[in-house]
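*Asks:* Pasting a structure below so you can have a look.
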Amino acid sequence: MEKMTEPIIQLDNITFAFPGNTAVLDGLNLSFHPGDRAGLIAPNGSGKTTLFHLIMGLIKPSAGTIRIFNRTVREEKDFITVRQRIGLLFQDSDDQLFSPTVLEDVAFGPLNLGKSKKEAIAIAEATLASLNLGDFRDRITFKLSGGEKRLVALATIMAMQPEMLLLDEPTTGLDSGTQQQIVDILTGLDISYIMISHNMDFLARLTTTIYTMENGKIHVDETAQLHPHYHLHQHGTYPHQHKH
Amino acid sequence: MFEEPFAGGDSFIHRIDPRHRIVGAGAFSFSVALSDRFSSLIIALVISLILAMAARLNPGTLFRRLSVVFGFLMLLWMVLPLTVDGPVLTRMGPVAFTRPGVVLAARMTLKVLAILVMFTTLVATMPLTTLGHALHRLMVSKKIVYLILMTYRYIHLLENEYQRTIRALRMRGFNPRTNLHTYKTYAYVIGMIFVKSVARAERIEWAMRCRGFDGRFHDLAVFPSLNASWRFSGAMGLIIIVIAMLEWSPPLW
């Protein structure tokens with residue numbers, strides 16, 4: 001499918017191997033455009049999370065080029081702006097929430113971006129409110145439930161006002177209520193994202209393209225693309241069917 | 001693992017600016033540690049206990065907390081009267097208890113209790129996060145402050161990890177005994193927790209960098225400036241002066 005816009009992410013021939021192992025990504029190509037909402041579904045260990053970490057510059061490819069927002073990114077300093085514009089939701093929210101209180105954690109990003117204390121608190125409060133988490137402000141992060149942690153982790157990323165999200169299994173281990181909350185949040189956002197998930201139903205409701213990975217390369221799954229309509233329809237008929 | 005049984009109170013002590021409480025407890029400890037006379041040490045312990053009462057600490061909980069050092073103090077009482085040279089106070093068969101040994105043990109007991117009760121009253125009455133931020137405002141190195149806060153945040157995860165592993169061992173019939181198998185198993189458990197902690201630390205650092213972390217920490221804590229805090233610090237200063245005077249003035253008796 002030809003796109004007129006410049007891609008946000010352009011990966012060419014990316015190869016990556018963990019020390020002592022065979023390449024987990026091998027000549028991988030990907031172009032991701034503004035407005036795309038892609039799902040990434042592939043077996044465990046096929047390098048999905050590795051791909052996200054490469055895009056954020058947390059690990060470096062052994063070969064290939066990464067272009068993000070039309071700039072080739074290689075060094076740590078190149079990725080600093082990338083991280084301001086692309087938000088990564090980690091698989092384990094405990095990795096993401098390190099501050100004592102929810103407000104401090106959500107304000108951490110804005111403070112790092114050079115906002116004043118007052119501005120950072122205002123942004124954090126507004127972000128929490130927009131995700132219906134206003135009451136969580138003074139909660140202690142490690143005492144939150146698994147679902148609450150995931151929602152707050154999403155808030156910490158949204159507080160940086162990213163242009164794109166990378167979501168690493170956003171619903172894994174969550175009950176259906178919290179899953180629905182995340183669906184509602186993501187459908188309400190005007191933002192591009194790639195999400196890793198094993199939940200086909202969830203992917204069909206929230207994404208327009210499904211990527212799969214095989215032999216260290218990404219493929220666009222044509223069959224999955226043909227069918228999301230059925231699920232989207234279900235969601236459209238009952239837009240707000242949740243329990244509380 | 002980390003319980004904060006005293007942090008939730010609502011006494012006047014709890015309302016005093018945490019920075020004043022930390023400085024007060026620190027200065028008090030120094031003066032007690034440097035004092036040797038029983039007059040000043042007893043006064044110090046009495047003041048500690050009065051403040052503990054003022055903070056409405058539950059006596060039972062306080063006693064349980066203190067019991068941690070009782071073992072250490074017992075050891076002192078068992079060793080010092082027998083090992084310090086000096087005139088003999090009393091004999092039990094062939095064993096002699098020396099006067100300087102008993103005096104030294106008594107002195108150390110008083111010091112330990114006075115300092116511990118004071119710290120429990122003034123510092124353990126604030127949540128650990130408040131302690132961290134207050135230390136930061138008191139110009140303690142940011143690295144130490146964040147080490148404290150991060151340890152506090154992640155020690156629960158480590159404990160969960162440990163409990164999970166131990167449960168998994170029990171499910172497979174593990175029964176600790178005094179044998180090599182047991183030692184080896186515990187060594188694996190500890191090694192695994194170390195490995196997982198390092199991996200966890202790396203992921204946390206990544207997550208922080210993804211949110212623009214550049215090595216500088218910003219904190220949001222606000223401490224209101226209250227007259228009561230300054231009155232408290234004044235009173236603490238006075239107490240320390242009294243202890244010092246008792247220590248340095250000519251003996252009253």
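Every chain in the structure tokens takes a letter, A first, then B, and so on in the order presented; its residues are numbered from 1, and the ligands are numbered from 1 following the presented order.
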Give the residues of chain A that lie within 10 Å of chain B; count only C-alpha atoms, and format the answer as a count of residues only.
*Replies:* 51
*Asks:* Just list the residues in segment 13-199 of chain A DSSP gives alpha helix (DSSP H) on the backbone, as a ChimeraX atom specification.
*Replies:* /A:48-55,76-85,93-96,102-112,117-130,146-158,176-188
*Asks:* Put those residues in a file: C-alpha atoms, as a short mmCIF file (atom, residue, chain, number, x, y, z; two decimals), in the first residue's frame.
*Replies:*
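Final output, result_2.cif:
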```
data_model
loop_
_atom_site.label_atom_id
_atom_site.label_comp_id
_atom_site.auth_asym_id
_atom_site.auth_seq_id
_atom_site.Cartn_x
_atom_site.Cartn_y
_atom_site.Cartn_z
CA LYS A 48 8.91 -8.26 19.24
CA THR A 49 10.08 -6.57 22.42
CA THR A 50 13.62 -6.39 20.99
CA LEU A 51 12.21 -4.49 18.02
CA PHE A 52 10.63 -1.90 20.35
CA HIS A 53 13.84 -1.53 22.33
CA LEU A 54 15.76 -0.95 19.09
CA ILE A 55 13.35 1.78 18.01
CA GLU A 76 22.41 7.85 22.29
CA LYS A 77 21.97 11.60 21.73
CA ASP A 78 19.99 10.99 18.52
CA PHE A 79 17.49 8.99 20.49
CA ILE A 80 16.84 11.67 23.11
CA THR A 81 14.37 13.45 20.83
CA VAL A 82 12.95 10.11 19.68
CA ARG A 83 12.06 9.27 23.27
CA GLN A 84 10.28 12.59 23.69
CA ARG A 85 8.06 11.89 20.68
CA SER A 93 4.51 -1.88 34.71
CA ASP A 94 6.67 -2.36 37.80
CA ASP A 95 9.63 -1.49 35.58
CA GLN A 96 8.00 1.75 34.67
CA VAL A 102 1.52 8.25 41.30
CA LEU A 103 1.71 12.03 40.84
CA GLU A 104 5.49 12.04 41.12
CA ASP A 105 5.77 9.25 38.60
CA VAL A 106 3.50 10.92 36.06
CA ALA A 107 5.30 14.25 36.56
CA PHE A 108 8.72 12.60 36.07
CA GLY A 109 8.62 12.80 32.26
CA PRO A 110 7.45 16.43 32.03
CA LEU A 111 10.08 17.46 34.61
CA ASN A 112 12.77 15.77 32.51
CA LYS A 117 7.39 22.00 39.00
CA LYS A 118 4.07 23.78 38.68
CA GLU A 119 3.68 22.95 34.98
CA ALA A 120 4.70 19.33 35.56
CA ILE A 121 2.12 18.90 38.31
CA ALA A 122 -0.54 20.54 36.12
CA ILE A 123 0.31 18.23 33.20
CA ALA A 124 0.35 15.18 35.47
CA GLU A 125 -3.02 16.07 36.98
CA ALA A 126 -4.55 16.76 33.58
CA THR A 127 -3.21 13.47 32.20
CA LEU A 128 -4.54 11.50 35.15
CA ALA A 129 -7.91 13.22 34.83
CA SER A 130 -8.09 12.48 31.09
CA GLY A 146 -1.82 -4.90 38.47
CA GLY A 147 -4.51 -3.22 36.37
CA GLU A 148 -4.11 0.11 38.13
CA LYS A 149 -0.35 -0.06 37.59
CA ARG A 150 -0.84 -0.55 33.84
CA LEU A 151 -3.21 2.42 33.61
CA VAL A 152 -0.86 4.65 35.60
CA ALA A 153 2.09 3.48 33.46
CA LEU A 154 0.10 4.56 30.40
CA ALA A 155 -0.50 7.91 32.10
CA THR A 156 3.23 8.38 32.74
CA ILE A 157 3.80 8.02 29.00
CA MET A 158 0.86 10.13 27.89
CA SER A 176 -11.65 -7.79 31.18
CA GLY A 177 -12.77 -4.59 32.92
CA THR A 178 -9.32 -3.04 32.79
CA GLN A 179 -8.80 -4.36 29.27
CA GLN A 180 -11.97 -2.55 28.24
CA GLN A 181 -10.68 0.62 29.92
CA ILE A 182 -7.53 0.41 27.84
CA VAL A 183 -9.54 -0.18 24.67
CA ASP A 184 -11.63 2.89 25.47
CA ILE A 185 -8.57 5.01 26.14
CA LEU A 186 -6.81 3.95 22.95
CA THR A 187 -9.90 4.38 20.74
CA GLY A 188 -10.37 7.85 22.20
#
```
*Asks:* Could you jot down the atom CA of Arg71 of chain A to atom CA of Asn215 of chain A separation for me, Å, one decimal place?
*Replies:*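 That distance, rounded to one decimal, is 27.4 Å.
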*Asks:* Name the residues of segment 66-208 of chain A that fall into strand (DSSP E) according to DSSP on the backbone, using the chain letters and numbers of this document, as number ranges by chain.
*Replies:* A: 66-68, 71-72, 86-89, 164-168, 192-196
*Asks:* Between atom CA of Phe136 of chain A and atom CA of Ser197 of chain B, what is the distance, to one decimal in Å?
*Replies:* 27.5 Å
*Asks:* Need to verify the contact set: Thr90 of chain B, 10 Å, only C-alpha atoms, exclusion of same-chain residues closer than 5 positions in sequence. Can you return it as a list in words?
*Replies:*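 Close residues of Thr90 of chain B: Pro81, Val95, Ala96, Phe97, Thr98 and Arg99 of chain B.
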*Asks:* Fewer than 6 positions away in the same chain doesn't count, so skip those; otherwise give me all residues within 10 Å of segment 60-62 of chain B, counting only C-alpha atoms, as a short mmCIF file (atom, residue, chain, number, x, y, z; two decimals) with C-alpha atoms, in the first residue's frame.
*Replies:*
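Dumped to selection.cif:
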```cif
data_model
loop_
_atom_site.label_atom_id
_atom_site.label_comp_id
_atom_site.auth_asym_id
_atom_site.auth_seq_id
_atom_site.Cartn_x
_atom_site.Cartn_y
_atom_site.Cartn_z
CA PRO B 5 3.55 1.36 62.00
CA PHE B 6 4.28 4.83 63.35
CA ALA B 52 7.57 8.88 72.39
CA VAL B 117 13.61 5.72 71.03
CA THR B 120 11.71 6.00 66.34
CA THR B 121 9.78 8.96 67.71
#
```
*Asks:* Excluding Phe28 of chain B and any residue of its chain fewer than 6 positions from it, enumerate the residues within 9 Å of it, using only C-alpha atoms, and give them as an NGL selection string.
*Replies:* :B and (44 or 115 or 118 or 236-237 or 239-240)
*Asks:* Please produce a file of those selected residues containing C-alpha atoms, as a PDB file, in the first residue's frame.
*Replies:*
```
ATOM      1  CA  ALA B  44      18.272  11.727  77.684  1.00  0.00           C
ATOM      2  CA  ILE B 115      18.972   7.168  70.655  1.00  0.00           C
ATOM      3  CA  MET B 118      14.372   9.249  69.827  1.00  0.00           C
ATOM      4  CA  MET B 236      15.553  20.240  70.973  1.00  0.00           C
ATOM      5  CA  GLY B 237      18.478  22.660  71.109  1.00  0.00           C
ATOM      6  CA  ILE B 239      17.535  19.662  75.548  1.00  0.00           C
ATOM      7  CA  ILE B 240      20.925  19.123  73.946  1.00  0.00           C
TER       8      ILE B 240
END
```
*Asks:* Give me, as a ChimeraX atom specification, all polymer residues having an atom no more than 12 Å from Met126 of chain B, counting only C-alpha atoms and skipping those fewer than 4 positions away in the same chain.
*Replies:* /B:3-11,13-22,55,119-122,130-134
*Asks:* Rounded to one decimal in Å, what is the spacing between atom CA of Lys111 of chain B and atom CA of Leu45 of chain B?
*Replies:*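 According to the coordinates, atom CA of Lys111 of chain B and atom CA of Leu45 of chain B are separated by 7.6 Å.
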*Asks:* Kindly indicate which residue among B:Lys184, B:Arg37, B:Lys142, B:Arg56 lies nearest to Leu104 of chain B, using only C-alpha atoms for the distances.
*Replies:*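 Closest to Leu104 of chain B of all the choices is B:Arg37.
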